[in-house]
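Chemist: Sharing a structure here in structure tokens format.
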Amino acid sequence: MTTTTNPALKPGDFTKYKIILGILAAVVPLLVAVLHYFPNAFRIPGAEVKFLPALNAVLNSLTALCLLLGFYFIRNRQVARHRAMMATAFTLGAFFCSLMWYTTLR
């Protein structure tokens, strides 16, 4: 009986992803510095932000749920679902971080 395994990540050239991550690693700290040193530049007069702390709590909870589901899926060798949960968690986490910065600057 022969069993073949399907690797989760096939070997290959990941130059495109390295370039994207390098650009993000340079741009994100610059954006944080701009938001920190020029907080009034991005304020919207009359904007209501009272709902943002509740939205941040919901986003953070959904991120945690996606991480737990991703752990469950990888333990059960459901790689495609695991990847989907990790991508969703990353997206929600990034949105959470940007809203936290905006809330902090208000």
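Within each chain, counting starts at residue 1; across the structure tokens, chains are named A, B, ... in the order shown, with ligands numbered 1 upward in that order.
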May I have all residues of segment 5-93 of chain A that DSSP, computed from the backbone, assigns to helix (DSSP H, G or I), given as number ranges by chain?
Modeler: A: 15-37, 39-42, 52-75, 79-93
Chemist: Near His36 of chain A, counting only C-alpha atoms, which residues have an atom at most 12 Å away, once you skip same-chain residues fewer than 3 positions from it, shown as a tab-separated table (two decimals) with C-alpha atoms, in the first residue's frame?
Modeler:
chain	number	residue	atom	x	y	z
A	29	PRO	CA	6.11	52.01	10.21
A	30	LEU	CA	6.19	55.16	8.06
A	31	LEU	CA	2.40	55.42	8.20
A	32	VAL	CA	2.44	54.92	11.97
A	33	ALA	CA	5.05	57.66	12.32
A	39	PRO	CA	-2.48	63.54	14.26
A	40	ASN	CA	-4.49	66.61	13.24
A	41	ALA	CA	-3.85	66.04	9.54
A	42	PHE	CA	-6.30	63.13	9.40
A	101	TRP	CA	-4.76	53.83	15.74
A	102	TYR	CA	-7.59	56.03	14.53
A	104	THR	CA	-6.22	56.55	19.79
A	105	LEU	CA	-5.56	59.63	17.68
A	106	ARG	CA	-9.06	61.00	18.20
Chemist: For Ala54 of chain A, find every residue with an atom within 12 Å (counting only C-alpha atoms), except residues of its own chain fewer than 3 positions away, and show them as a list in words.
Modeler: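 Listing them by chain and then by number gives Val49, Lys50, Phe51, Ala57, Val58, Leu59, Asn60, Ser61, Phe96, Leu99, Met100 and Thr103 of chain A.
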Chemist: Restricting the calculation to only C-alpha atoms: of A:Ala89, A:Val79, A:Ala94, A:Ile19, which residue gets closest to Thr63 of chain A?
Modeler: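 Closest candidate: A:Ala89.
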Chemist: Tell me which of A:Val28, A:Cys66, A:Asp13, A:Arg43 sits closest to Ala84 of chain A, counting only C-alpha atoms.
Modeler: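 Of the candidates, the smallest distance to Ala84 of chain A is held by A:Cys66.
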Chemist: Nearest to Ser98 of chain A among A:Leu62, A:Ala47, A:Leu55, A:Ala80, with distances taken over only C-alpha atoms: which residue is it?
Modeler: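 Ranked by minimum distance to Ser98 of chain A, first place goes to A:Leu55.
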Chemist: For Thr91 of chain A, which residue out of A:Ala25, A:Leu67, A:Leu35, A:Leu52 is the nearest one, using only C-alpha atoms?
Modeler: A:Leu67
Chemist: One decimal, Å: what's the distance from atom CA of Phe38 of chain A over to atom CA of Ala26 of chain A, could you say?
Modeler: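 Distance reported for this atom pair: 18.5 Å.
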Chemist: Could you work out how far atom CA of Tyr17 of chain A lies from atom CA of Leu65 of chain A, giving the answer in Å with one decimal?
Modeler: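 Computed distance, atom CA of Leu65 of chain A to atom CA of Tyr17 of chain A, equals 26.2 Å.
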Chemist: Quote the spacing between atom CA of Arg75 of chain A and atom CA of Lys18 of chain A in Å to one decimal place.
Modeler: 27.3 Å
